[in-house]
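query.pdb, holding PDB, C-alpha atoms, pLDDT in the B column:
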```pdb
ATOM      1  CA  MET A   1       0.000   0.000   0.000  1.00 48.00           C
ATOM      2  CA  SER A   2       1.585   3.260  -1.108  1.00 49.00           C
ATOM      3  CA  THR A   3       1.478   6.399   0.929  1.00 53.00           C
ATOM      4  CA  SER A   4       1.647   9.930  -0.383  1.00 50.00           C
ATOM      5  CA  PRO A   5       4.545  12.078   0.842  1.00 53.00           C
ATOM      6  CA  THR A   6       3.864  14.323   3.785  1.00 56.00           C
ATOM      7  CA  ARG A   7       3.203  17.843   2.606  1.00 59.00           C
ATOM      8  CA  VAL A   8       5.131  20.609   4.306  1.00 62.00           C
ATOM      9  CA  PRO A   9       2.773  23.362   5.488  1.00 78.00           C
ATOM     10  CA  GLN A  10       2.993  26.575   3.481  1.00 78.00           C
ATOM     11  CA  GLU A  11       3.942  28.580   6.582  1.00 81.00           C
ATOM     12  CA  GLU A  12       6.914  26.288   7.235  1.00 85.00           C
ATOM     13  CA  ARG A  13       8.052  26.479   3.604  1.00 82.00           C
ATOM     14  CA  THR A  14       7.827  30.256   3.733  1.00 84.00           C
ATOM     15  CA  ARG A  15       9.833  30.393   6.945  1.00 87.00           C
ATOM     16  CA  ALA A  16      12.509  28.087   5.508  1.00 88.00           C
ATOM     17  CA  MET A  17      12.806  30.139   2.324  1.00 89.00           C
ATOM     18  CA  ARG A  18      13.119  33.406   4.239  1.00 90.00           C
ATOM     19  CA  ALA A  19      15.806  31.825   6.422  1.00 90.00           C
ATOM     20  CA  ARG A  20      17.763  30.728   3.333  1.00 92.00           C
ATOM     21  CA  LEU A  21      17.541  34.204   1.855  1.00 93.00           C
ATOM     22  CA  LEU A  22      18.688  35.858   5.079  1.00 92.00           C
ATOM     23  CA  GLU A  23      21.583  33.442   5.523  1.00 93.00           C
ATOM     24  CA  ALA A  24      22.591  34.076   1.904  1.00 94.00           C
ATOM     25  CA  THR A  25      22.427  37.829   2.576  1.00 92.00           C
ATOM     26  CA  VAL A  26      24.843  37.451   5.491  1.00 92.00           C
ATOM     27  CA  GLU A  27      27.243  35.413   3.345  1.00 93.00           C
ATOM     28  CA  CYS A  28      27.084  37.992   0.546  1.00 94.00           C
ATOM     29  CA  LEU A  29      27.704  40.874   2.966  1.00 93.00           C
ATOM     30  CA  VAL A  30      30.784  39.085   4.307  1.00 92.00           C
ATOM     31  CA  GLU A  31      32.161  38.172   0.868  1.00 93.00           C
ATOM     32  CA  HIS A  32      31.114  41.161  -1.260  1.00 93.00           C
ATOM     33  CA  GLY A  33      30.345  43.969   1.185  1.00 91.00           C
ATOM     34  CA  PHE A  34      27.180  46.029   1.275  1.00 92.00           C
ATOM     35  CA  SER A  35      27.684  47.695  -2.100  1.00 91.00           C
ATOM     36  CA  GLY A  36      28.452  44.369  -3.772  1.00 93.00           C
ATOM     37  CA  THR A  37      25.417  42.613  -2.348  1.00 92.00           C
ATOM     38  CA  SER A  38      22.437  42.513  -4.703  1.00 91.00           C
ATOM     39  CA  THR A  39      19.079  40.743  -4.666  1.00 91.00           C
ATOM     40  CA  THR A  40      20.168  38.742  -7.718  1.00 91.00           C
ATOM     41  CA  LEU A  41      23.337  37.570  -5.994  1.00 93.00           C
ATOM     42  CA  VAL A  42      21.420  36.670  -2.841  1.00 93.00           C
ATOM     43  CA  SER A  43      18.769  34.677  -4.701  1.00 92.00           C
ATOM     44  CA  GLN A  44      21.480  32.746  -6.559  1.00 93.00           C
ATOM     45  CA  ARG A  45      23.340  32.003  -3.318  1.00 94.00           C
ATOM     46  CA  ALA A  46      20.139  30.892  -1.599  1.00 92.00           C
ATOM     47  CA  GLY A  47      19.075  28.680  -4.519  1.00 92.00           C
ATOM     48  CA  VAL A  48      15.806  30.576  -4.759  1.00 90.00           C
ATOM     49  CA  SER A  49      14.176  31.860  -7.939  1.00 90.00           C
ATOM     50  CA  ARG A  50      14.158  35.610  -8.548  1.00 88.00           C
ATOM     51  CA  GLY A  51      10.369  35.571  -8.475  1.00 89.00           C
ATOM     52  CA  ALA A  52      10.269  33.872  -5.068  1.00 87.00           C
ATOM     53  CA  GLN A  53      12.904  36.216  -3.691  1.00 88.00           C
ATOM     54  CA  LEU A  54      11.049  39.288  -4.950  1.00 88.00           C
ATOM     55  CA  HIS A  55       7.847  37.950  -3.419  1.00 87.00           C
ATOM     56  CA  HIS A  56       9.436  37.930   0.044  1.00 88.00           C
ATOM     57  CA  PHE A  57      11.761  40.923  -0.349  1.00 89.00           C
ATOM     58  CA  PRO A  58      10.836  43.183  -3.292  1.00 89.00           C
ATOM     59  CA  THR A  59      13.893  45.453  -2.911  1.00 87.00           C
ATOM     60  CA  LYS A  60      17.434  45.240  -1.626  1.00 87.00           C
ATOM     61  CA  ASN A  61      16.432  47.576   1.190  1.00 85.00           C
ATOM     62  CA  ASP A  62      13.638  45.215   2.280  1.00 87.00           C
ATOM     63  CA  LEU A  63      16.088  42.325   2.247  1.00 89.00           C
ATOM     64  CA  VAL A  64      18.822  44.125   4.150  1.00 88.00           C
ATOM     65  CA  VAL A  65      16.470  45.545   6.796  1.00 87.00           C
ATOM     66  CA  ALA A  66      15.202  42.023   7.458  1.00 88.00           C
ATOM     67  CA  ALA A  67      18.799  40.814   7.594  1.00 88.00           C
ATOM     68  CA  VAL A  68      19.542  43.385  10.308  1.00 88.00           C
ATOM     69  CA  ALA A  69      17.260  41.598  12.770  1.00 89.00           C
ATOM     70  CA  HIS A  70      18.543  38.193  11.669  1.00 89.00           C
ATOM     71  CA  ILE A  71      22.147  39.251  12.197  1.00 90.00           C
ATOM     72  CA  ALA A  72      21.371  40.780  15.596  1.00 89.00           C
ATOM     73  CA  ASP A  73      19.655  37.596  16.780  1.00 90.00           C
ATOM     74  CA  THR A  74      22.480  35.432  15.442  1.00 90.00           C
ATOM     75  CA  ARG A  75      25.149  37.557  17.116  1.00 91.00           C
ATOM     76  CA  ALA A  76      23.350  37.448  20.458  1.00 90.00           C
ATOM     77  CA  GLY A  77      22.871  33.683  20.236  1.00 91.00           C
ATOM     78  CA  GLU A  78      26.456  32.957  19.244  1.00 91.00           C
ATOM     79  CA  LEU A  79      27.893  35.176  21.984  1.00 91.00           C
ATOM     80  CA  ALA A  80      25.630  33.642  24.631  1.00 92.00           C
ATOM     81  CA  ALA A  81      26.648  30.134  23.574  1.00 91.00           C
ATOM     82  CA  ALA A  82      30.353  31.020  23.590  1.00 89.00           C
ATOM     83  CA  LEU A  83      30.357  32.729  26.990  1.00 91.00           C
ATOM     84  CA  ALA A  84      28.249  29.974  28.536  1.00 89.00           C
ATOM     85  CA  ASP A  85      31.323  27.745  28.176  1.00 82.00           C
ATOM     86  CA  ALA A  86      33.711  30.254  29.738  1.00 85.00           C
ATOM     87  CA  PRO A  87      35.922  28.563  32.327  1.00 85.00           C
ATOM     88  CA  THR A  88      36.350  29.681  35.910  1.00 83.00           C
ATOM     89  CA  GLY A  89      39.558  29.882  37.892  1.00 82.00           C
ATOM     90  CA  GLU A  90      42.851  31.709  37.571  1.00 81.00           C
ATOM     91  CA  ARG A  91      42.754  32.236  33.793  1.00 89.00           C
ATOM     92  CA  ARG A  92      39.081  33.083  33.653  1.00 93.00           C
ATOM     93  CA  THR A  93      39.452  36.699  32.553  1.00 95.00           C
ATOM     94  CA  ARG A  94      41.906  35.915  29.751  1.00 96.00           C
ATOM     95  CA  ALA A  95      39.664  33.084  28.526  1.00 95.00           C
ATOM     96  CA  VAL A  96      36.623  35.394  28.450  1.00 96.00           C
ATOM     97  CA  LEU A  97      38.596  37.980  26.484  1.00 96.00           C
ATOM     98  CA  GLU A  98      39.582  35.319  23.962  1.00 95.00           C
ATOM     99  CA  LEU A  99      35.968  34.242  23.516  1.00 94.00           C
ATOM    100  CA  LEU A 100      34.934  37.856  22.985  1.00 95.00           C
ATOM    101  CA  ALA A 101      37.742  38.378  20.486  1.00 95.00           C
ATOM    102  CA  GLU A 102      36.672  35.296  18.545  1.00 93.00           C
ATOM    103  CA  HIS A 103      33.132  36.657  18.396  1.00 93.00           C
ATOM    104  CA  PHE A 104      34.230  40.093  17.199  1.00 93.00           C
ATOM    105  CA  THR A 105      36.383  38.591  14.451  1.00 93.00           C
ATOM    106  CA  SER A 106      33.691  36.174  13.252  1.00 92.00           C
ATOM    107  CA  PRO A 107      31.873  36.384   9.901  1.00 91.00           C
ATOM    108  CA  ILE A 108      28.650  37.511  11.584  1.00 90.00           C
ATOM    109  CA  PHE A 109      30.477  40.525  13.046  1.00 91.00           C
ATOM    110  CA  ALA A 110      31.859  41.345   9.589  1.00 91.00           C
ATOM    111  CA  ALA A 111      28.298  41.298   8.223  1.00 91.00           C
ATOM    112  CA  ALA A 112      27.097  43.565  11.027  1.00 91.00           C
ATOM    113  CA  LEU A 113      29.978  45.933  10.351  1.00 91.00           C
ATOM    114  CA  GLU A 114      28.934  46.261   6.714  1.00 91.00           C
ATOM    115  CA  LEU A 115      25.465  47.295   7.886  1.00 91.00           C
ATOM    116  CA  TRP A 116      26.833  49.814  10.405  1.00 91.00           C
ATOM    117  CA  VAL A 117      28.846  51.561   7.712  1.00 91.00           C
ATOM    118  CA  ALA A 118      25.930  51.599   5.268  1.00 91.00           C
ATOM    119  CA  ALA A 119      23.549  52.853   7.966  1.00 91.00           C
ATOM    120  CA  ARG A 120      25.682  55.964   8.465  1.00 92.00           C
ATOM    121  CA  THR A 121      24.279  57.465   5.261  1.00 93.00           C
ATOM    122  CA  ASP A 122      21.044  55.479   4.888  1.00 90.00           C
ATOM    123  CA  PRO A 123      18.266  56.776   7.201  1.00 91.00           C
ATOM    124  CA  THR A 124      16.010  53.745   6.665  1.00 88.00           C
ATOM    125  CA  LEU A 125      18.784  51.321   7.472  1.00 89.00           C
ATOM    126  CA  ALA A 126      19.918  53.430  10.434  1.00 92.00           C
ATOM    127  CA  GLU A 127      16.402  53.312  11.839  1.00 91.00           C
ATOM    128  CA  ALA A 128      16.527  49.507  11.741  1.00 88.00           C
ATOM    129  CA  VAL A 129      20.119  49.107  12.929  1.00 89.00           C
ATOM    130  CA  GLY A 130      20.057  51.556  15.860  1.00 91.00           C
ATOM    131  CA  PRO A 131      17.534  49.914  18.237  1.00 91.00           C
ATOM    132  CA  LEU A 132      18.781  46.401  17.515  1.00 89.00           C
ATOM    133  CA  GLU A 133      22.403  47.374  18.141  1.00 89.00           C
ATOM    134  CA  GLN A 134      21.373  48.866  21.464  1.00 92.00           C
ATOM    135  CA  ARG A 135      19.684  45.587  22.383  1.00 91.00           C
ATOM    136  CA  VAL A 136      22.685  43.510  21.316  1.00 91.00           C
ATOM    137  CA  GLY A 137      24.973  45.860  23.231  1.00 93.00           C
ATOM    138  CA  ARG A 138      22.975  45.428  26.443  1.00 94.00           C
ATOM    139  CA  GLN A 139      22.980  41.659  26.024  1.00 94.00           C
ATOM    140  CA  ALA A 140      26.722  41.594  25.365  1.00 94.00           C
ATOM    141  CA  HIS A 141      27.314  43.675  28.491  1.00 96.00           C
ATOM    142  CA  GLU A 142      25.194  41.377  30.663  1.00 95.00           C
ATOM    143  CA  LEU A 143      26.755  38.214  29.227  1.00 94.00           C
ATOM    144  CA  THR A 144      30.298  39.528  29.634  1.00 95.00           C
ATOM    145  CA  ALA A 145      29.721  40.571  33.239  1.00 95.00           C
ATOM    146  CA  ALA A 146      28.232  37.172  34.041  1.00 94.00           C
ATOM    147  CA  ALA A 147      31.135  35.362  32.360  1.00 94.00           C
ATOM    148  CA  LEU A 148      33.603  37.432  34.389  1.00 95.00           C
ATOM    149  CA  GLY A 149      31.628  36.744  37.569  1.00 93.00           C
ATOM    150  CA  VAL A 150      31.045  40.421  38.384  1.00 94.00           C
ATOM    151  CA  ASP A 151      28.104  42.753  38.897  1.00 95.00           C
ATOM    152  CA  GLY A 152      27.887  44.594  35.616  1.00 94.00           C
ATOM    153  CA  SER A 153      25.598  47.255  37.037  1.00 95.00           C
ATOM    154  CA  ALA A 154      27.984  48.335  39.828  1.00 95.00           C
ATOM    155  CA  ARG A 155      29.645  51.701  39.399  1.00 93.00           C
ATOM    156  CA  GLY A 156      33.183  51.304  38.150  1.00 95.00           C
ATOM    157  CA  THR A 157      32.677  47.688  37.178  1.00 96.00           C
ATOM    158  CA  ARG A 158      30.034  48.714  34.648  1.00 96.00           C
ATOM    159  CA  GLU A 159      32.558  50.981  32.920  1.00 97.00           C
ATOM    160  CA  LEU A 160      35.258  48.299  32.964  1.00 97.00           C
ATOM    161  CA  VAL A 161      32.953  45.808  31.273  1.00 97.00           C
ATOM    162  CA  GLN A 162      31.999  48.386  28.655  1.00 97.00           C
ATOM    163  CA  ALA A 163      35.655  49.312  28.092  1.00 97.00           C
ATOM    164  CA  THR A 164      36.373  45.618  27.541  1.00 97.00           C
ATOM    165  CA  LEU A 165      33.659  45.354  24.901  1.00 97.00           C
ATOM    166  CA  ASP A 166      34.838  48.551  23.222  1.00 97.00           C
ATOM    167  CA  LEU A 167      38.383  47.168  23.163  1.00 97.00           C
ATOM    168  CA  VAL A 168      37.544  43.819  21.593  1.00 96.00           C
ATOM    169  CA  ARG A 169      35.179  45.474  19.117  1.00 95.00           C
ATOM    170  CA  GLY A 170      38.011  47.759  18.023  1.00 94.00           C
ATOM    171  CA  LEU A 171      40.339  44.784  17.679  1.00 93.00           C
ATOM    172  CA  GLY A 172      37.697  43.078  15.572  1.00 92.00           C
ATOM    173  CA  LEU A 173      37.541  46.135  13.332  1.00 91.00           C
ATOM    174  CA  ALA A 174      41.331  46.104  12.926  1.00 90.00           C
ATOM    175  CA  ASN A 175      41.166  42.455  11.922  1.00 88.00           C
ATOM    176  CA  THR A 176      39.017  43.282   8.889  1.00 86.00           C
ATOM    177  CA  ILE A 177      42.031  44.986   7.292  1.00 84.00           C
ATOM    178  CA  SER A 178      44.606  42.278   7.971  1.00 81.00           C
ATOM    179  CA  ASP A 179      45.215  39.271  10.208  1.00 81.00           C
ATOM    180  CA  ASP A 180      45.822  40.942  13.557  1.00 80.00           C
ATOM    181  CA  ALA A 181      45.942  37.796  15.719  1.00 87.00           C
ATOM    182  CA  ARG A 182      49.476  38.210  17.090  1.00 89.00           C
ATOM    183  CA  ARG A 183      49.082  41.836  18.153  1.00 92.00           C
ATOM    184  CA  ARG A 184      45.574  41.116  19.426  1.00 94.00           C
ATOM    185  CA  GLY A 185      46.913  38.348  21.667  1.00 94.00           C
ATOM    186  CA  ARG A 186      49.474  40.670  23.260  1.00 96.00           C
ATOM    187  CA  ILE A 187      46.872  43.352  23.875  1.00 96.00           C
ATOM    188  CA  LEU A 188      44.444  40.876  25.431  1.00 97.00           C
ATOM    189  CA  ASP A 189      47.202  39.504  27.673  1.00 96.00           C
ATOM    190  CA  ALA A 190      47.925  42.995  28.975  1.00 97.00           C
ATOM    191  CA  TRP A 191      44.257  43.918  29.346  1.00 97.00           C
ATOM    192  CA  ALA A 192      43.512  40.721  31.284  1.00 97.00           C
ATOM    193  CA  VAL A 193      46.114  41.711  33.906  1.00 96.00           C
ATOM    194  CA  THR A 194      44.788  45.276  34.090  1.00 96.00           C
ATOM    195  CA  LEU A 195      41.167  44.162  34.220  1.00 96.00           C
ATOM    196  CA  ASP A 196      41.774  41.644  36.995  1.00 95.00           C
ATOM    197  CA  ALA A 197      43.561  44.279  39.069  1.00 95.00           C
ATOM    198  CA  GLN A 198      40.833  46.870  38.575  1.00 94.00           C
ATOM    199  CA  LEU A 199      38.000  44.425  39.257  1.00 93.00           C
ATOM    200  CA  ALA A 200      39.750  43.321  42.451  1.00 91.00           C
ATOM    201  CA  ARG A 201      39.860  46.945  43.628  1.00 90.00           C
ATOM    202  CA  ASN A 202      36.138  47.293  42.930  1.00 86.00           C
ATOM    203  CA  ALA A 203      35.206  44.090  44.770  1.00 75.00           C
TER     204      ALA A 203
END
```

Do you think you could lay out the structure here as structure tokens?
Amino acid sequence: MSTSPTRVPQEERTRAMRARLLEATVECLVEHGFSGTSTTLVSQRAGVSRGAQLHHFPTKNDLVVAAVAHIADTRAGELAAALADAPTGERRTRAVLELLAEHFTSPIFAAALELWVAARTDPTLAEAVGPLEQRVGRQAHELTAAALGVDGSARGTRELVQATLDLVRGLGLANTISDDARRRGRILDAWAVTLDAQLARNA
């Protein structure tokens, strides 16, 4: 007795197609930059017909604005997963810094960076990027403080955690120009010593 194949609900197919398009957008932003990313290139990368892509995202702006939220959610999820595995003990601070550095030199950070630069002169994109970046920033601050085992809301400690995030973000930016791993390692070694000393004074 033959059985007909199970049909995938339309809503699930739609969700899967949107996910493919957004993932392809991230890959195109990383490989080709914002200016080199087009709806045609994205649809080809996603394996989706132009008609289907235009149905979901009629313009590049529609596609990129949707990708902003996707990238923000992905960044938050990846950082949370990485810091959840942060070790405790004597080398805790240096290990947390390394995990942060890996996050801020990852492809998803490169994609976000492309959107930040484009948003500087694109009001519609800036309107989408701004609130989500604030949310991701708050999450990164909370996750980093928890991984370091400190109260991120305490005066003094709050600024140290933010300075740490600003530092690793800047190192991530430098890495987009050339492989900065060796210099980055030396800077993180020095900052780990400084951070431990300052946090101990605040305890």

Among listed residues A:Ala86, A:Ala66, A:Ile71, A:Val48, nearest Glu27 in chain A (using all atoms listed in the file):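 Residue with the minimum atom-to-atom distance to Glu27 in chain A: A:Ile71.
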
Reference answer for the PyMOL selection byres ((chain A and resi 95-108) around 9), as a PyMOL selection string: chain A and resi 26-27+30+71-72+74-75+78-79+82-83+86-88+91-94+109-113+144+147-148+164-165+168-173+175-176+184-185+188-189+191-192

Reference answer for the PyMOL selection byres ((chain A and resi 34) around 9), as a count of residues only: 14

Given the PyMOL selection byres ((chain A and resi 41-43) around 12), the residues it picks as a VMD selection string: chain A and resid 17 to 29 31 to 40 44 to 60 63 to 64 67

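Here CA of Leu143 in chain A is placed at a distance of 6.6 Å from CA of Ala80 in chain A.
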
Computed interatomic separation between CA of Ala174 in chain A and CA of Asn61 in chain A (Å):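 These two atoms are separated by 27.6 Å.
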
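Separating CA of Ala146 in chain A from CA of Arg158 in chain A is a distance of 11.7 Å.
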
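Nearest-residue note for Leu195 in chain A: choosing from A:Gln162, A:Thr124, A:Thr14, A:Gln134, the minimum distance belongs to A:Gln162, counting only C-alpha atoms.
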
Which of A:Thr157, A:His70, A:Gly149, A:Pro9 sits closest to Glu133 in chain A [using all atoms listed in the file]: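 Comparing A:Thr157, A:His70, A:Gly149, A:Pro9 against Glu133 in chain A, the winner is A:His70.
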
Top pick for closest residue to Ala128 in chain A, considering A:Val68, A:Ala197, A:Ala145, A:Ala81 and counting all atoms listed in the file: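 Nearest candidate to Ala128 in chain A out of A:Val68, A:Ala197, A:Ala145, A:Ala81: A:Val68.
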